[in-house]
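Presented below is the structure to which this report refers.
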Amino acid sequence: MAASPLLRVRDLSVRFLSGGEETVASSGVAFDLAAGEILAVVGESGSGKSVSSLALTRLLPPEPACRVSGSAVLEGRELIGLPDRELTQVRGGRIAYIFQEPGTSMNPVYTVGFQIAEAIRTHRAPMAKAAVRAEVEASLDAVGIREPGRVADSYPHELSGGMLQRAMIAMALACQPRLLVADEPTTALDVTIQKQIMELLARIRRERGMAILLITHNFGIVANLADNVLVMHRGQVVEQGPVARVMAEPRHPYTRGLIGCIPRLGQRRRRLPTLEDSLRESSPSA
Amino acid sequence: MSDQPLLEVRDLRVQYPRPGAGWFRKLEPVRAVDGISFSIPRGKTVGLVGESGSGKTTTGRAIVKLAPVTSGRILWEGLDIAPLGNREFLPWRKKVQMVFQDPYGSLNPRADILAILSEPLEIHFPAMGRADREARCAELLRKVGLSPDQMRRHPHEFSGGQRQRIGIARALAVQPELIVCDEPVSALDVSVQASVVNLLQDLQEELGVAYLFIAHDLAVVEHISHHILVMERGVVVEQGSPERILGSPLHPYTRTLLEAVPRF
């Protein structure tokens, strides 16, 4: 592995202040992410996994409602505390995001092509209109969309969920970021489309050497796509390591619970083990 | 068990006019459900898998009369309920209830839990007094693993999994014999999903209620179902026991669905 990772996160904490009460959304998060690595962040709703990834580029409410502390160094540059103007360049330019609901991540009144073009104009060297259009179609083509021209001229509501998620990925890739943050990218999609999107992410990593931070609650997806995994519970990292090791011998009871509660094909059990079961078993007082 | 299933669907079709069609512009209707047949035995779970647009949700909605039946028969213990008007159907509404996918959108945000659970009781048991209704609601909440103290709270004070439990309690309120569960766990975290699936199974054991369990995730459907239907483009392409569907899927679409489930 290279001497310095693409992204180095240390002691990252996010606190929300509301009505005089402080809520710690995540604390002490630390990890390294190498170029071309897929790191999965796994946890339930409210575990702090999304908030931690949004904190990287401060896609969060402003101070004092939300306080981000710690350090996140991307290619040698500290991101935490970076002024807004510089953050805008990082957002989309160096770190791109795709979200769970492709339908709500796009602006409904502009065509898909217009929105991808906007991202290109914002983050890349100035180019002629025709060149931008060519880039838009090339980026749609790169994510496996068969008729890039037609899709570019479509409005978001005219496309299916899987198609829209591809278009979102195309938009994210158009700016040639170093890191793609995929926040539950397949949760809202059908299983067969889910598989296609996962294959697409794997291909992007392979072809472009892009690092991916994959946020999910589903270990099934992690097992098939990620190199390393970070398990979050109540704002803290409870376990991290290579996927194969964590899946084969999870050390933390919470990790065991998350892996165990997924129904698996061909392994009918009378009951599905729940998280409470595995947490109860491990607590000595019970 | 008697030979007669609780519910039998024969050659069910649901068609919608295609958008843009009018008096002068005749277009082929959209065939959401195109001639399907299956039956649901008393106290058992029939799983219905398929992707968006396969017609699985429409099938479930047709059974509870939330979608218009174009043709075909829906036999409830041998009696055809498809042609009944809304008023005549009322006694059956009590027997067939529904749990919806979106635990956020399917509960009235301005009503408290007591009001949400009372509404079906007021309609189907008009003779029931206020105190009895409250006692029934407390019992329902306990049944689904919530505390009766939470009766005065509103939906936004609950998590997604808790809201889905409230949705299940509402369906159970009128003591139905069949519950159509339309993607009841798809919107939930995997950990919460497991506990809701377990709850549904416990309730079936305790109350003998039958389920039509609609989902796109074959692993969940396999876990909970006694019989599985696979739908694609409005037709059932394959049906059988979970062991058979998994062990030797016959239809290519079933194989595609099986391959798409992440394995580890």
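Residues are referred to by chain and number: the chain letter is A, B, ... according to the order shown in the structure tokens, the number counts from 1 in that chain, and ligands are numbered separately from 1 in the order shown.
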
May I have the residues within 9 Å of Leu117 in chain B as a list in words, using only C-alpha atoms and disregarding those fewer than 2 positions away in the same chain? Asp112, Ile113, Leu114, Ala115, Glu119, Pro120, Leu121, Arg133, Arg136, Cys137, Leu140, Ile166, Gly167, Ala169, Arg170, Ala171 and Ala173 of chain B

As an NGL selection string, could you give me every residue of chain A near chain B (at most 8 Å apart, counting only C-alpha atoms)? :A and (44-45 or 190-192 or 194-195 or 217-218 or 220-221 or 223-224 or 257-258 or 261-266 or 268-269 or 271-275)

Please provide as an MDAnalysis selection string all residues within 10 Å of Ile123 in chain B, with the sequence filter that same-chain residues fewer than 6 positions apart are discarded (counting only C-alpha atoms). chainID B and resid 90 94 174

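Proximity of B:Leu172, B:Gly35, B:Arg152, B:Gln239 to Ser225 in chain B, computed with only C-alpha atoms, is greatest for B:Gln239.
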
Could you pull out the strand (DSSP E) residues of range 61-95 of chain B from DSSP and send them as a count of residues only? 8

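In this model, the gap between CA of Ala182 in chain A and CA of Val237 in chain A comes to 18.6 Å.
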
List every residue of range 19-255 of chain A that DSSP, applied to the backbone, labels as helix (DSSP H, G or I), and write the result as a count of residues only. 100
